[in-house]
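**Student:** Take a look at the following structure, please.
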Amino acid sequence: MLGLKLLTDPRWANIAESNLEEILTDHAWCEQKAATNAITLIANNSEHMDLVEALTAIAIEEMQHFQMVVDIINQRGYTLGRERKDDYVGQLVKFSRRDGSRNNAFIDRLLFAAMIEARSCERFRVLSQNIKDHELAKFYHDLMVSEAGHYTVFLNFARKYTIDIDVDKRWKEWLEFEGELIQSFGNKEAIHG
């Protein structure tokens, strides 16, 4: 469904599980950044009321996920560390088109968001199926379902609001780029690491 070119090696879950405090801290900040991204899209494209309403719901849900992860961190006696730099997302930002029309930048920002949600969904699936911690396995299964819905929302808005971009062609370019990029990741306890 997601169209990702390279799936995560299930052994990445062992890396993640070897340092749950780190993966949970990284995950918490990913949720916060996802909420911020939705809010930025709203602020820059407020003329589209359906987008405003849908992304408001996503921003709220992402902050609820942030709170859920923080609660797990607290329950386990861990500490929420500082926000982590996400090199994977940084590389996606560099791939994003900012030249051209306002609409081109808008569509690519939606595809950027869809890409992150797709990979997050896939990583949550790997965690849900491969970690021994039953509580976290169920938690990540539930989040996987949510992220899949978010991915669809962003992709559908890109298709709806494009003016002169072939969204399906550009999405294939995103998938190809991400398929190459992700080969350098999957070796540390970070959601996209």
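Residues are named by chain letter and number: chains run A, B, ... in the order of the structure tokens, numbers start at 1 in each chain, and ligands are numbered from 1 in the order shown.
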List every residue of segment 71-162 of chain A that has an atom at most 8 Å from any atom of segment 37-52 of chain A, giving for each one its closest atom pair and the distance in Å to one decimal, counting only C-alpha atoms, sorted by chain and then by ascending residue number, as CSV.

**Tutor:**
residue,atom,partner,partner_atom,distance
A:Phe106,CA,A:Asn45,CA,8.0
A:Arg109,CA,A:Leu41,CA,7.8
A:Ala113,CA,A:Asn37,CA,7.6
A:Phe157,CA,A:Leu51,CA,7.3

**Student:** Could those selected residues go to a file with N, CA and C atoms, as a compact mmCIF listing (two decimals), in the first residue's frame?

**Tutor:**
# COMPACT_ATOMS: atom_id res chain seq x y z
N PHE A 106 3.90 23.97 -2.26
CA PHE A 106 2.82 23.42 -1.45
C PHE A 106 2.66 21.92 -1.70
N ARG A 109 5.54 19.98 -0.30
CA ARG A 109 5.48 19.90 1.17
C ARG A 109 4.48 18.82 1.60
N ALA A 113 5.46 15.39 3.63
CA ALA A 113 4.73 14.91 4.81
C ALA A 113 4.24 13.48 4.61
N PHE A 157 -4.52 15.28 -0.58
CA PHE A 157 -4.53 16.73 -0.74
C PHE A 157 -3.58 17.18 -1.84

**Student:** Distance atom CA of Phe154 of chain A-atom CA of Leu111 of chain A, one decimal place?

**Tutor:**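 Interatomic distance, atom CA of Phe154 of chain A to atom CA of Leu111 of chain A: 6.7 Å.
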
**Student:** Please identify every residue of segment 4-119 of chain A that has at least one atom no farther than 9 Å from an atom of segment 176-184 of chain A, counting only C-alpha atoms, and for each give the shortest atom pair and the distance in Å to one decimal, arranged by chain then increasing number, as CSV.

**Tutor:**
residue,atom,partner,partner_atom,distance
A:Leu4,CA,A:Gly179,CA,6.7
A:Lys5,CA,A:Gly179,CA,4.9
A:Leu6,CA,A:Gly179,CA,5.5
A:Leu7,CA,A:Gly179,CA,8.7
A:Thr8,CA,A:Ile182,CA,8.5
A:Tyr88,CA,A:Ile182,CA,7.7
A:Gln91,CA,A:Leu181,CA,7.9
A:Leu92,CA,A:Glu178,CA,7.6
A:Phe95,CA,A:Phe177,CA,8.0
A:Met115,CA,A:Glu178,CA,8.0

**Student:** Those residues with N, CA and C atoms, as a compact mmCIF listing (two decimals), in the first residue's frame please?

**Tutor:**
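Writing done, so here's again29.txt:
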# COMPACT_ATOMS: atom_id res chain seq x y z
N LEU A 4 6.70 1.88 -0.63
CA LEU A 4 8.10 2.07 -0.28
C LEU A 4 8.97 1.08 -1.05
N LYS A 5 10.12 1.53 -1.51
CA LYS A 5 11.00 0.71 -2.33
C LYS A 5 11.83 -0.26 -1.52
N LEU A 6 12.10 0.07 -0.27
CA LEU A 6 12.92 -0.79 0.57
C LEU A 6 12.30 -0.87 1.95
N LEU A 7 11.99 -2.08 2.38
CA LEU A 7 11.42 -2.26 3.71
C LEU A 7 12.53 -2.36 4.75
N THR A 8 12.20 -2.00 5.96
CA THR A 8 13.15 -2.04 7.06
C THR A 8 13.46 -3.48 7.44
N TYR A 88 17.53 11.80 8.46
CA TYR A 88 16.66 11.29 7.40
C TYR A 88 15.73 12.40 6.90
N GLN A 91 17.51 15.08 4.92
CA GLN A 91 17.76 14.72 3.52
C GLN A 91 16.49 14.85 2.68
N LEU A 92 15.35 14.53 3.26
CA LEU A 92 14.08 14.72 2.54
C LEU A 92 13.82 16.19 2.28
N PHE A 95 15.61 17.29 -0.72
CA PHE A 95 15.00 16.80 -1.95
C PHE A 95 13.76 17.61 -2.34
N MET A 115 5.57 11.23 2.74
CA MET A 115 6.72 10.33 2.77
C MET A 115 7.12 9.98 4.20

**Student:** Please provide the set of residues having any atom within 6 Å of segment 122-137 of chain A, restricted to only C-alpha atoms, with same-chain residues fewer than 6 positions apart removed, written as a PyMOL selection string.

**Tutor:** chain A and resi 10+13+144

**Student:** Return the single residue from A:Glu31, A:Glu61, A:Asp71, A:Asp164 that is closest to Asn103 of chain A, with distances computed using only C-alpha atoms.

**Tutor:** A:Asp164

**Student:** Which of these, A:Ala105, A:Ile15, A:Ala57, A:Leu2, has the shortest distance to Ile165 of chain A once you count only C-alpha atoms?

**Tutor:**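 Using only C-alpha atoms, Ile165 of chain A sits closest to A:Ala105.
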
**Student:** Figure out the distance between atom CA of Val145 of chain A and atom CA of Ile60 of chain A, please, to one decimal in Å.

**Tutor:**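 Straight-line distance from atom CA of Ile60 of chain A to atom CA of Val145 of chain A works out to 16.2 Å.
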
**Student:** Of the residues A:Gly193, A:Ala34, A:Gly90, A:Glu83, which is the one nearest to Thr56 of chain A, using only C-alpha atoms?

**Tutor:**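 Checking each of A:Gly193, A:Ala34, A:Gly90, A:Glu83 against Thr56 of chain A, counting only C-alpha atoms, the winner is A:Ala34.
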
**Student:** Return the single residue from A:Val153, A:Ala158, A:Ile72, A:Leu55 that is closest to Ala118 of chain A, with distances computed using only C-alpha atoms.

**Tutor:**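 Result for the nearest residue to Ala118 of chain A: A:Val153.
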